[in-house]
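File shown: my_file_23.txt. Contents: compact mmCIF, C-alpha atoms and all ligand atoms.
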```
# COMPACT_ATOMS: atom_id res chain seq x y z
CA MET A 1 -12.70 126.09 265.52
CA ARG A 2 -13.18 123.88 268.57
CA ARG A 3 -10.25 123.60 270.92
CA LEU A 4 -8.77 120.34 272.04
CA PRO A 5 -9.21 119.11 274.65
CA GLU A 6 -12.71 120.18 275.56
CA MET A 7 -11.91 118.90 279.03
CA PRO A 8 -8.59 119.79 280.55
CA GLY A 9 -6.32 116.84 280.04
CA LEU A 10 -2.90 116.04 278.71
CA HIS A 11 -2.48 114.66 275.22
CA SER A 12 0.60 116.08 273.56
CA ALA A 13 3.91 117.52 274.67
CA GLU A 14 3.31 120.24 272.08
CA ALA A 15 0.78 121.73 274.46
CA PHE A 16 3.55 122.54 276.95
CA ASN A 17 5.08 125.98 277.20
CA PRO A 18 7.96 127.31 279.31
CA ALA A 19 5.74 128.86 282.00
CA PHE A 20 3.87 125.61 282.44
CA LEU A 21 7.03 123.51 282.53
CA HIS A 22 8.87 125.67 285.05
CA ALA A 23 5.88 125.75 287.40
CA PHE A 24 5.48 122.01 286.89
CA PHE A 25 9.07 121.30 287.96
CA GLU A 26 8.59 123.30 291.15
CA ARG A 27 5.37 121.43 291.90
CA ALA A 28 7.01 118.05 291.28
CA LYS A 29 9.82 119.08 293.61
CA ALA A 30 7.24 119.94 296.29
CA VAL A 31 5.68 116.49 295.86
CA GLU A 32 9.10 114.86 296.03
CA THR A 33 10.33 116.74 299.07
CA ARG A 34 7.10 117.27 301.05
CA PRO A 35 4.89 114.27 300.23
CA GLY A 36 2.89 114.62 303.46
CA GLU A 37 1.25 117.80 302.17
CA PHE A 38 -0.48 115.95 299.37
CA GLU A 39 -1.45 112.60 300.83
CA ASP A 40 -5.18 113.36 301.09
CA ALA A 41 -5.45 115.63 298.07
CA LEU A 42 -7.55 113.21 296.03
CA ARG A 43 -9.46 111.44 298.80
CA GLY A 44 -12.76 110.15 297.37
CA ARG A 45 -11.67 110.44 293.73
CA VAL A 46 -11.41 107.54 291.29
CA ILE A 47 -8.72 107.26 288.62
CA ALA A 48 -9.16 104.78 285.75
CA THR A 49 -6.16 103.38 283.90
CA VAL A 50 -7.10 101.92 280.53
CA PHE A 51 -4.04 100.28 278.98
CA GLU A 52 -4.56 98.74 275.57
CA GLU A 53 -0.83 98.10 275.11
CA PRO A 54 1.64 96.47 277.49
CA SER A 55 3.10 98.59 280.26
CA THR A 56 4.93 98.18 283.54
CA ARG A 57 6.28 101.57 284.54
CA THR A 58 3.68 103.89 283.14
CA ARG A 59 0.58 102.14 284.46
CA LEU A 60 2.01 101.25 287.84
CA SER A 61 3.50 104.66 288.38
CA PHE A 62 0.17 106.33 287.55
CA GLU A 63 -1.58 103.96 289.94
CA SER A 64 1.03 104.50 292.63
CA ALA A 65 0.60 108.26 292.16
CA ALA A 66 -3.18 107.98 292.55
CA LEU A 67 -2.89 105.87 295.70
CA ARG A 68 -0.31 108.18 297.23
CA LEU A 69 -2.75 111.07 296.83
CA GLY A 70 -5.56 109.10 298.47
CA ALA A 71 -7.54 108.28 295.28
CA GLY A 72 -8.93 104.89 294.34
CA VAL A 73 -7.94 103.13 291.12
CA ILE A 74 -9.87 101.02 288.60
CA THR A 75 -8.00 99.47 285.74
CA VAL A 76 -7.99 97.70 282.40
CA ALA A 77 -4.49 96.31 282.30
CA ASP A 78 -5.07 93.93 279.40
CA PRO A 79 -7.26 94.84 276.43
CA ARG A 80 -8.31 91.20 276.09
CA THR A 81 -10.36 91.67 279.26
CA SER A 82 -12.26 94.76 278.03
CA SER A 83 -14.97 95.29 275.45
CA ALA A 84 -12.38 96.63 273.00
CA SER A 85 -11.83 92.93 272.23
CA LYS A 86 -15.51 92.69 271.25
CA GLY A 87 -15.08 95.53 268.79
CA GLU A 88 -16.33 98.38 270.94
CA SER A 89 -15.27 101.78 269.63
CA LEU A 90 -12.90 103.94 271.61
CA ARG A 91 -15.63 106.58 271.65
CA ASP A 92 -18.06 104.30 273.44
CA THR A 93 -15.43 103.04 275.86
CA ALA A 94 -14.49 106.65 276.64
CA ARG A 95 -18.12 107.62 277.28
CA THR A 96 -18.55 104.61 279.56
CA VAL A 97 -15.37 104.84 281.59
CA GLY A 98 -15.88 108.59 281.91
CA GLY A 99 -18.98 107.76 283.97
CA TYR A 100 -16.98 105.59 286.37
CA ALA A 101 -13.94 107.72 287.06
CA ASP A 102 -12.88 111.34 287.60
CA LEU A 103 -9.91 111.01 285.25
CA ILE A 104 -8.79 108.40 282.73
CA VAL A 105 -5.21 107.52 281.86
CA TRP A 106 -5.24 105.91 278.45
CA ARG A 107 -2.63 103.94 276.53
CA HIS A 108 -3.55 102.90 273.02
CA PRO A 109 -1.74 101.55 269.94
CA ALA A 110 -3.25 104.13 267.55
CA ASP A 111 -1.86 107.65 267.01
CA GLY A 112 -4.18 110.32 268.36
CA ALA A 113 -6.27 107.97 270.53
CA SER A 114 -6.04 110.17 273.59
CA ARG A 115 -7.18 113.25 271.66
CA LEU A 116 -10.23 111.39 270.39
CA ALA A 117 -11.02 109.88 273.80
CA SER A 118 -10.96 113.33 275.39
CA GLN A 119 -13.78 114.44 273.13
CA PHE A 120 -16.10 111.74 274.46
CA ALA A 121 -15.06 110.99 278.02
CA GLU A 122 -16.44 114.06 279.82
CA VAL A 123 -13.61 113.76 282.35
CA PRO A 124 -9.94 114.65 281.81
CA VAL A 125 -7.97 112.12 279.78
CA VAL A 126 -4.22 111.78 280.22
CA ASN A 127 -2.25 110.21 277.43
CA GLY A 128 -0.26 107.24 278.73
CA GLY A 129 1.30 106.69 275.28
CA ASP A 130 -0.58 106.67 271.98
CA GLY A 131 0.91 104.76 269.07
CA ARG A 132 4.04 106.46 267.76
CA LEU A 133 2.71 109.91 268.47
CA GLY A 134 3.28 110.93 272.03
CA HIS A 135 3.95 110.17 275.65
CA PRO A 136 3.73 113.54 277.36
CA THR A 137 3.98 112.36 280.96
CA GLN A 138 7.15 110.41 280.11
CA THR A 139 8.48 113.70 278.77
CA LEU A 140 7.65 115.36 282.08
CA VAL A 141 9.53 112.56 283.84
CA ASP A 142 12.52 112.99 281.50
CA LEU A 143 12.59 116.77 281.80
CA TYR A 144 12.13 116.73 285.57
CA THR A 145 15.01 114.26 285.89
CA LEU A 146 17.24 116.65 283.94
CA TRP A 147 15.98 119.74 285.77
CA ARG A 148 16.75 118.16 289.16
CA GLU A 149 20.34 117.73 288.02
CA TRP A 150 20.95 120.99 286.22
CA GLY A 151 18.40 123.51 287.42
CA GLN A 152 18.26 124.82 283.88
CA ILE A 153 17.83 122.94 280.63
CA GLU A 154 18.29 125.89 278.27
CA GLY A 155 21.53 125.70 276.32
CA ARG A 156 22.27 122.07 277.24
CA THR A 157 23.04 119.58 274.48
CA ILE A 158 20.99 116.41 274.51
CA ALA A 159 21.24 113.62 271.95
CA LEU A 160 18.22 111.47 271.11
CA MET A 161 19.26 108.03 269.98
CA GLY A 162 17.67 104.84 268.69
CA ASP A 163 14.28 104.22 267.14
CA LEU A 164 13.15 107.79 266.61
CA ASN A 165 10.70 106.77 263.91
CA HIS A 166 8.51 104.39 265.91
CA GLY A 167 9.23 105.59 269.43
CA ARG A 168 6.89 108.09 271.02
CA THR A 169 9.06 109.08 273.96
CA ALA A 170 11.74 110.79 271.86
CA ARG A 171 9.12 112.58 269.75
CA SER A 172 7.46 114.00 272.81
CA LEU A 173 10.76 114.85 274.44
CA ALA A 174 11.87 116.80 271.37
CA TRP A 175 8.92 119.14 271.87
CA GLY A 176 9.70 119.58 275.55
CA LEU A 177 13.41 120.23 274.98
CA SER A 178 12.79 122.67 272.16
CA LEU A 179 10.32 124.65 274.25
CA LEU A 180 13.00 124.97 276.94
CA GLY A 181 15.78 126.10 274.58
CA ALA A 182 17.99 122.98 274.59
CA ARG A 183 20.21 121.91 271.68
CA MET A 184 19.35 118.53 270.25
CA VAL A 185 21.43 116.04 268.29
CA LEU A 186 19.42 113.45 266.40
CA LEU A 187 20.99 110.01 266.33
CA PRO A 188 18.45 107.68 264.72
CA ALA A 189 19.30 104.02 264.29
CA PRO A 190 19.85 103.27 260.58
CA GLY A 191 16.57 103.68 258.67
CA LEU A 192 14.70 104.88 261.77
CA ALA A 193 14.84 108.66 261.44
CA TRP A 194 11.79 110.86 261.80
CA GLU A 195 9.86 111.76 258.73
CA GLU A 196 10.85 115.33 257.72
CA ALA A 197 7.52 116.76 258.86
CA VAL A 198 8.34 116.07 262.52
CA LEU A 199 11.36 118.35 262.55
CA ASP A 200 9.72 120.87 260.24
CA ARG A 201 6.86 121.26 262.69
CA ILE A 202 9.19 121.81 265.64
CA LEU A 203 11.28 124.31 263.66
CA ALA A 204 8.13 126.14 262.62
CA ARG A 205 7.17 126.68 266.25
CA VAL A 206 10.44 127.62 267.95
CA ASP A 207 13.18 129.94 266.78
CA TYR A 208 15.79 127.29 266.06
CA ARG A 209 18.19 126.60 263.24
CA ARG A 210 19.16 123.29 261.77
CA CYS A 211 22.76 122.35 261.04
CA SER A 212 24.98 119.28 261.25
CA VAL A 213 27.64 117.83 263.52
CA ARG A 214 30.14 115.07 263.06
CA HIS A 215 31.64 112.53 265.43
CA PRO A 216 33.31 109.19 264.68
CA MET A 217 31.28 107.50 267.41
CA PHE A 218 28.01 108.34 265.71
CA ARG A 219 28.80 105.74 263.07
CA SER A 220 28.23 102.83 265.45
CA TRP A 221 24.84 104.24 266.44
CA THR A 222 23.46 105.64 263.20
CA GLY A 223 25.65 104.23 260.42
CA LYS A 224 27.03 107.74 259.66
CA GLU A 225 29.46 110.20 261.23
CA LYS A 226 27.29 113.15 260.37
CA ALA A 227 24.16 113.96 262.36
CA THR A 228 21.53 116.68 262.49
CA LEU A 229 21.67 119.24 265.27
CA ILE A 230 19.00 121.79 266.04
CA GLU A 231 19.71 124.73 268.29
CA PRO A 232 18.11 127.98 269.41
CA ARG A 233 19.24 130.89 267.25
CA SER A 234 19.80 132.88 270.43
CA LEU A 235 22.71 130.56 271.33
CA VAL A 236 24.55 130.98 268.05
CA GLN A 237 27.46 133.45 268.12
CA GLY A 238 27.72 135.98 265.27
CA GLU A 239 30.38 134.46 263.03
CA LEU A 240 29.00 130.94 263.41
CA PHE A 241 25.66 131.90 261.91
CA GLY A 242 26.62 131.09 258.37
CA ARG A 243 28.19 127.72 259.19
CA ASP A 244 26.24 124.63 258.35
CA GLU A 245 28.43 122.32 260.36
CA VAL A 246 29.29 122.96 263.99
CA GLU A 247 31.75 121.29 266.33
CA LEU A 248 30.55 119.06 269.10
CA ASN A 249 32.91 117.93 271.83
CA HIS A 250 30.57 116.96 274.57
CA LEU A 251 27.01 115.82 275.21
CA ASP A 252 25.27 116.89 278.39
CA ALA A 253 22.80 114.02 278.11
CA LEU A 254 22.21 111.01 275.90
CA TYR A 255 18.63 109.74 275.66
CA LEU A 256 18.62 106.15 274.49
CA THR A 257 15.62 104.28 273.15
CA ARG A 258 15.07 100.67 272.18
CA LEU A 259 14.05 99.40 268.76
CA GLN A 260 10.26 99.23 268.74
CA ARG A 261 10.13 95.73 267.31
CA GLU A 262 6.38 95.48 267.80
CA ARG A 263 5.95 98.50 265.49
CA GLY A 264 8.13 97.13 262.70
CA ALA A 265 11.55 98.58 263.59
CA GLU A 266 13.55 95.60 262.43
CA GLU A 267 11.97 95.44 258.98
CA ALA A 268 12.56 99.18 258.57
CA MET A 269 16.23 98.83 259.49
CA ALA A 270 16.69 96.12 256.88
CA SER A 271 19.25 94.40 259.14
CA ARG A 272 21.67 97.32 259.00
CA GLY A 273 22.40 96.95 262.70
CA TYR A 274 22.12 99.22 265.70
CA GLY A 275 24.90 98.67 268.18
CA GLY A 276 23.54 100.91 270.89
CA LEU A 277 25.84 102.16 273.61
CA GLN A 278 28.98 100.22 274.51
CA VAL A 279 30.50 100.61 277.93
CA GLU A 280 33.95 101.39 276.44
CA GLN A 281 32.47 104.38 274.63
CA LEU A 282 31.89 106.11 277.95
CA ALA A 283 35.62 106.92 278.17
CA ASP A 284 35.42 109.19 275.13
CA PRO A 285 35.35 112.95 275.90
CA LEU A 286 32.02 113.13 274.07
CA LEU A 287 30.39 111.07 276.83
CA LYS A 288 32.40 112.08 279.87
CA GLN A 289 30.04 113.59 282.45
CA THR A 290 27.09 112.82 280.22
CA LEU A 291 23.80 111.89 281.86
CA LEU A 292 22.39 108.68 280.40
CA LEU A 293 18.61 108.48 280.19
CA HIS A 294 16.30 105.81 278.85
CA PRO A 295 12.51 105.54 279.20
CA LEU A 296 12.91 101.76 279.62
CA PRO A 297 12.31 98.91 278.93
CA ARG A 298 15.82 98.44 277.61
CA ARG A 299 17.22 95.83 275.33
CA GLU A 300 20.70 95.40 273.90
CA GLU A 301 21.15 99.15 273.26
CA LEU A 302 21.88 99.73 276.95
CA PRO A 303 23.99 96.93 278.44
CA GLU A 304 23.80 96.38 282.18
CA ALA A 305 27.53 97.09 282.38
CA VAL A 306 26.60 100.77 281.90
CA ASP A 307 24.50 100.80 285.08
CA GLU A 308 27.54 101.58 287.23
CA ALA A 309 28.51 104.61 285.12
CA PRO A 310 28.38 107.86 287.09
CA GLY A 311 26.00 109.38 284.54
CA ALA A 312 23.41 106.58 284.54
CA ARG A 313 20.05 108.10 285.50
CA TYR A 314 17.45 105.72 284.05
CA PHE A 315 16.49 104.27 287.40
CA VAL A 316 16.23 107.79 288.77
CA GLN A 317 13.75 108.42 285.94
CA THR A 318 11.68 105.43 287.03
CA ARG A 319 11.64 106.76 290.59
CA MET A 320 10.44 110.13 289.36
CA GLY A 321 7.49 108.50 287.55
CA PRO A 322 5.00 108.47 290.46
CA ILE A 323 6.13 111.91 291.66
CA VAL A 324 5.64 113.54 288.28
CA ARG A 325 2.29 111.83 287.80
CA GLN A 326 1.10 113.03 291.19
CA ALA A 327 1.84 116.57 290.05
CA VAL A 328 -0.19 115.92 286.87
CA PHE A 329 -3.19 114.62 288.86
CA LEU A 330 -3.04 117.55 291.26
CA ALA A 331 -3.11 120.09 288.43
CA LEU A 332 -6.00 118.39 286.66
CA LEU A 333 -8.17 117.37 289.61
CA ARG A 334 -7.34 119.97 292.27
CA PRO A 335 -6.80 123.21 290.35
CA ASP A 336 -8.47 124.97 293.30
CA ARG A 337 -5.23 124.48 295.28
CA TRP A 338 -2.60 123.28 292.84
CA SER A 339 -3.26 124.89 289.50
CA LEU A 340 -0.50 125.39 286.94
CA PRO A 341 -0.15 127.87 284.07
CA ALA A 342 -2.43 126.87 281.21
CA LEU A 343 -1.30 124.48 278.50
CA HIS A 344 -1.58 125.59 274.88
CA PRO A 345 -3.96 122.94 273.63
CA LEU A 346 -4.17 122.10 269.96
CA PRO A 347 -7.35 122.85 268.02
CA ALA A 348 -9.72 119.87 267.80
CA GLY A 349 -10.06 120.43 264.07
CA ASP A 350 -13.01 120.20 261.71
CA PRO A 351 -13.97 117.09 259.81
CA ASP A 352 -14.38 117.49 256.05
CA PRO A 353 -15.76 114.47 254.23
CA GLY A 354 -14.06 115.66 251.01
CA LEU A 355 -10.63 114.98 252.49
CA GLY A 356 -11.14 111.24 252.64
CA THR A 357 -9.21 109.12 255.10
CA CYS A 358 -6.05 110.05 256.97
CA PRO A 359 -2.89 109.04 255.07
CA ASN A 360 -1.44 107.68 258.32
CA THR A 361 -2.73 104.11 258.51
CA ASN A 362 -2.01 104.05 262.25
CA CYS A 363 -4.27 107.05 262.90
CA ILE A 364 -7.13 106.47 265.34
CA SER A 365 -9.57 107.73 262.67
CA SER A 366 -8.96 104.51 260.75
CA PRO A 367 -10.16 101.85 263.27
CA GLU A 368 -12.89 104.25 264.42
CA GLY A 369 -14.08 104.75 260.84
CA ILE A 370 -14.48 108.50 261.21
CA PRO A 371 -13.61 111.39 258.86
CA VAL A 372 -10.27 113.00 259.54
CA PRO A 373 -10.55 116.36 261.31
CA TRP A 374 -8.09 118.91 259.99
CA ARG A 375 -6.32 121.87 261.54
CA VAL A 376 -3.83 124.31 260.11
CA GLU A 377 -0.33 125.34 261.11
CA GLY A 378 2.58 127.27 259.71
CA ARG A 379 4.02 130.76 260.06
CA HIS A 380 4.78 131.38 256.38
CA GLU A 381 2.38 129.09 254.59
CA ARG A 382 -0.55 127.01 255.69
CA HIS A 383 -0.13 123.29 256.30
CA PHE A 384 -3.17 121.14 256.82
CA LEU A 385 -2.72 118.35 259.35
CA CYS A 386 -4.83 115.57 260.76
CA ALA A 387 -6.00 116.94 264.12
CA PHE A 388 -5.71 113.48 265.69
CA CYS A 389 -2.28 112.32 264.55
CA ASP A 390 -0.58 115.41 262.99
CA ALA A 391 -0.04 113.66 259.63
CA PRO A 392 0.22 116.14 256.75
CA LEU A 393 -2.97 115.96 254.67
CA PRO A 394 -2.93 115.95 250.86
CA VAL A 395 -4.55 119.37 250.49
CA GLU A 396 -3.77 121.18 247.22
CA TYR A 397 -6.27 124.03 247.32
CA ALA A 398 -7.83 126.22 249.98
CA GLY A 399 -11.03 128.20 249.67
CA CYS A 400 -12.40 131.07 251.72
CA ARG A 401 -15.88 130.32 253.03
CA SER A 402 -16.87 133.98 253.05
CA THR A 403 -15.57 135.16 249.63
CA ARG A 404 -15.96 131.70 247.98
CA LYS A 405 -12.58 132.24 246.27
CA LEU A 406 -10.19 129.32 245.72
CA HIS A 407 -6.38 129.45 245.85
CA PRO A 408 -3.46 127.04 245.62
CA VAL A 409 -2.79 125.99 249.21
CA HIS A 410 0.68 127.57 249.46
CA SER A 411 -0.40 130.91 248.01
CA PRO A 412 0.29 133.89 250.33
CA LYS A 413 -3.38 134.78 249.98
CA VAL A 414 -4.27 131.68 251.96
CA MET A 415 -2.31 133.06 254.93
CA ARG A 416 -4.74 135.98 255.04
CA ILE A 417 -7.82 133.76 255.39
CA LEU A 418 -8.86 133.22 259.02
CA PRO A 419 -8.59 129.54 260.00
CA GLU A 420 -12.33 129.37 260.69
CA ASN A 421 -13.03 130.54 257.12
CA LEU A 422 -10.74 128.02 255.44
CA ARG A 423 -12.03 125.07 253.47
CA PRO A 424 -9.45 122.56 252.22
CA PHE A 425 -9.71 120.66 248.93
CA ARG A 426 -7.67 117.90 247.41
CA GLU A 427 -8.69 118.76 243.85
CA ARG A 428 -9.73 121.85 241.98
CA HIS A 429 -12.81 120.39 240.36
CA GLY A 430 -14.21 119.35 243.76
CA ALA A 431 -13.92 122.95 244.88
CA MET A 432 -15.64 124.22 241.73
CA GLU A 433 -18.48 121.78 242.33
CA ALA A 434 -18.80 123.13 245.87
CA GLY A 435 -19.32 126.62 244.40
CA TYR A 436 -15.82 128.09 244.78
CA GLU A 437 -14.41 130.41 242.15
CA TRP A 438 -10.78 130.04 241.03
CA SER A 439 -8.72 133.06 241.91
CA GLY A 440 -5.20 131.72 241.41
CA GLY A 441 -2.14 132.44 243.53
C1 LIG A 501 8.03 103.59 276.58
C2 LIG A 501 6.70 103.54 275.87
O1 LIG A 501 5.83 102.74 276.17
O2 LIG A 501 6.55 104.36 274.97
N1 LIG A 501 8.06 103.09 277.86
C3 LIG A 501 7.61 103.84 278.90
O3 LIG A 501 6.50 104.29 278.91
N2 LIG A 501 8.48 104.09 279.90
C4 LIG A 501 9.17 103.20 275.75
C5 LIG A 501 9.18 101.86 275.09
O4 LIG A 501 8.26 101.08 275.15
O5 LIG A 501 10.21 101.61 274.46
```
Would you write the structure of this file as structure tokens?
Amino acid sequence: MRRLPEMPGLHSAEAFNPAFLHAFFERAKAVETRPGEFEDALRGRVIATVFEEPSTRTRLSFESAALRLGAGVITVADPRTSSASKGESLRDTARTVGGYADLIVWRHPADGASRLASQFAEVPVVNGGDGRLGHPTQTLVDLYTLWREWGQIEGRTIALMGDLNHGRTARSLAWGLSLLGARMVLLPAPGLAWEEAVLDRILARVDYRRCSVRHPMFRSWTGKEKATLIEPRSLVQGELFGRDEVELNHLDALYLTRLQRERGAEEAMASRGYGGLQVEQLADPLLKQTLLLHPLPRREELPEAVDEAPGARYFVQTRMGPIVRQAVFLALLRPDRWSLPALHPLPAGDPDPGLGTCPNTNCISSPEGIPVPWRVEGRHERHFLCAFCDAPLPVEYAGCRSTRKLHPVHSPKVMRILPENLRPFRERHGAMEAGYEWSGG
């Protein structure tokens, strides 16, 4: 199976791993504390920023990062001024811009856009936010902000609050935190939780357990006192293993997010209300000495009265934006001097016309009119996912290309088939027509 990205780039926080992240934090610290060492690192290089959704912080901090390293910048800050408005495909735009720049930072409204662009651009692509799916450099900003404070993120308890369903920053951050061994409390605004598959995929990758916690304050944020907590099994003491509900007295950090109105958050909430954080709540022991983070822009969920709180760190996050993005550019464009441990990129997947279109209507495969490429995951049974947007695909049967035998997809026999020999099917008769022989579970 082809690997994604073909070109080194940065598309998903899932590609991070602890070795990468720890080395990254040290590099970002070097950029922050010794900026003079890097000021000519990208002299003569050109960075393109292609932003097909609004942005203030992300685009400007990438551009500031490029300029601070001595690179030049070309930009599409408004999609109305580019050929996307004339119906040009992302693939063609990627091919074109890849000829003008040494690296492209791309923001796009569709899930998986950056992964697709990387297959056509011939230069590294960095995801500046794609649909609801991911925002990996924001995650690096968030994690670096926490690491600067604590030195170690493992074992800390961080709550993710607000529009988890439509927001990409919390999704990406959940990957980063889980790879570093943090505990996470999920506090979605009413009706705006993740689909189950998001948590299932994280839990399938890291050795965590899922349980619940209760706090009266959660009601004003989520509509319920009970919330989901996920934590590394290594942190759980012997006798607590069997307990489904654990006590929570304190949060080390609270990560707030706004309602993504432009992605339909209000309709999904069905006017059930999301109060956000109130300044009086900061006196509760739960939030004493809690760091308050927010990717910004903020709305009513984070009143300005909170800005004076000792834990407020959201404007520290914004200041870390250019520093973190300089470290990203250095790793991608100057690996000769500033390489980092390799990412674990996701497979690019294989298209299979028999699978039809991606069930996620916001997947980049839909506006591009291309067959959905699939890849597999899962430690105990195989799950077929869209390789662009990670949506679970409706695969019921899996065949082995070498034996031509067909099995129900969750059969243990399917685990024994090498991924490159797998062929997914939605229906049994389609598999029979393709020459596969039914072998059962
Ligand atoms: C976020 C984004 O665009 O995903 N902003 C950012 O990049 N700092 C969050 C948001 O728009 O709510």
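Using all atoms listed in the file for every distance, the candidate list A:Trp175, A:Trp106, A:Phe24, A:Tyr100 yields A:Tyr100 as the residue closest to Arg45 (chain A).
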To box ligand LIG 501 (chain A), take all atoms listed in the file, fit an axis-aligned box, add 4 Å on each side, and give centre and edge lengths in Å to one decimal, as AutoDock Vina command-line options.
```
--center_x 8.0 --center_y 102.7 --center_z 277.2 --size_x 12.4 --size_y 11.3 --size_z 13.4
```
(request) Could you please extract the residues within 8 Å of ligand LIG 501 (chain A), counting all atoms listed in the file, and hand them back as an NGL selection string? (result) :A and (54-58 or 128-129 or 132 or 134-135 or 138 or 167-169 or 257-260 or 295-298 or 318)
Contacts of Val246 (chain A) at 9 Å (all atoms listed in the file; same-chain gap of 3+ positions) as a PDB file with C-alpha atoms, in the frame of the given file:
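Wrote it out as selection_1.pdb, contents follow:
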```pdb
ATOM      1  CA  CYS A 211      22.760 122.350 261.040  1.00  0.00           C
ATOM      2  CA  SER A 212      24.980 119.280 261.250  1.00  0.00           C
ATOM      3  CA  VAL A 213      27.640 117.830 263.520  1.00  0.00           C
ATOM      4  CA  ARG A 214      30.140 115.070 263.060  1.00  0.00           C
ATOM      5  CA  LEU A 229      21.670 119.240 265.270  1.00  0.00           C
ATOM      6  CA  LEU A 240      29.000 130.940 263.410  1.00  0.00           C
ATOM      7  CA  ARG A 243      28.190 127.720 259.190  1.00  0.00           C
TER       8      ARG A 243
END
```
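The two atoms in question, CA of Val97 (chain A) and CA of Phe16 (chain A), are spaced 26.3 Å apart.
The residue set within 12 Å of Gly356 (chain A), counting all atoms listed in the file and dropping same-chain residues fewer than 4 places from it, reads Pro351, Asp352, Asn360, Ser365, Ser366, Gly369, Ile370, Pro371, Val372, Pro373, Trp374, Cys386, Leu393, Pro394, Val395, Pro424, Phe425, Arg426 and Glu427 of chain A.
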(request) Give me, please, the distance in Å between CA of Glu420 (chain A) and CA of Arg401 (chain A), quoted to one decimal. (result) 8.5 Å
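Using only C-alpha atoms, the contacts of Leu256 (chain A) at a cut-off of 8 Å, with sequence neighbours closer than 5 positions omitted, comprise Leu160, Met161, Gly162, Leu292, Leu293, His294, Pro295, Glu301 and Leu302 of chain A.
Minimum distance to Gln119 (chain A) across A:Arg219, A:Arg319, A:Arg91, A:Arg107 (counting all atoms listed in the file) occurs at A:Arg91.
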(message) For Gln289 (chain A), find every residue with an atom within 12 Å (counting all atoms listed in the file), except residues of its own chain fewer than 6 positions away, and show them as a VMD selection string.
(response) chain A and resid 149 249 to 254 282 to 283 309 to 313
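Take the candidates A:Met320, A:Ser172, A:Val328, A:Glu280 and check each one against Val306 (chain A) using all atoms listed in the file; the shortest distance goes to A:Glu280.
Counting all atoms listed in the file and comparing A:Gly242, A:Gly276, A:Gly321, A:Gly98, the residue that lies closest to Asp163 (chain A) is A:Gly276.
Residue nearest Val316 (chain A), chosen from A:Leu343, A:Leu116, A:Leu143, A:Val50 and counting all atoms listed in the file: A:Leu143.
Reported to one decimal place, the separation of CA of Ala77 (chain A) from CA of Leu42 (chain A) is 22.0 Å.
You can rank A:Pro347, A:Arg272, A:Ala193, A:Leu277 by their closest distance to Glu300 (chain A) using only C-alpha atoms, and at the top of that list sits A:Leu277.
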(request) For region 406-409 of chain A, please output as an MDAnalysis selection string all residues within 8 Å (counting all atoms listed in the file; exclusion window: fewer than 3 positions along the same chain). (result) chainID A and resid 382 395:400 413:414 431 436:441
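Point (27.1, 105.3, 262.6) has the following residues at most 10 Å away: Leu187, Pro188, Ala189, Pro190, His215, Pro216, Met217, Phe218, Arg219, Ser220, Trp221, Thr222, Gly223, Lys224, Glu225, Lys226, Ala227, Gly273, Tyr274 and Gly275 of chain A (atoms considered: only C-alpha atoms).
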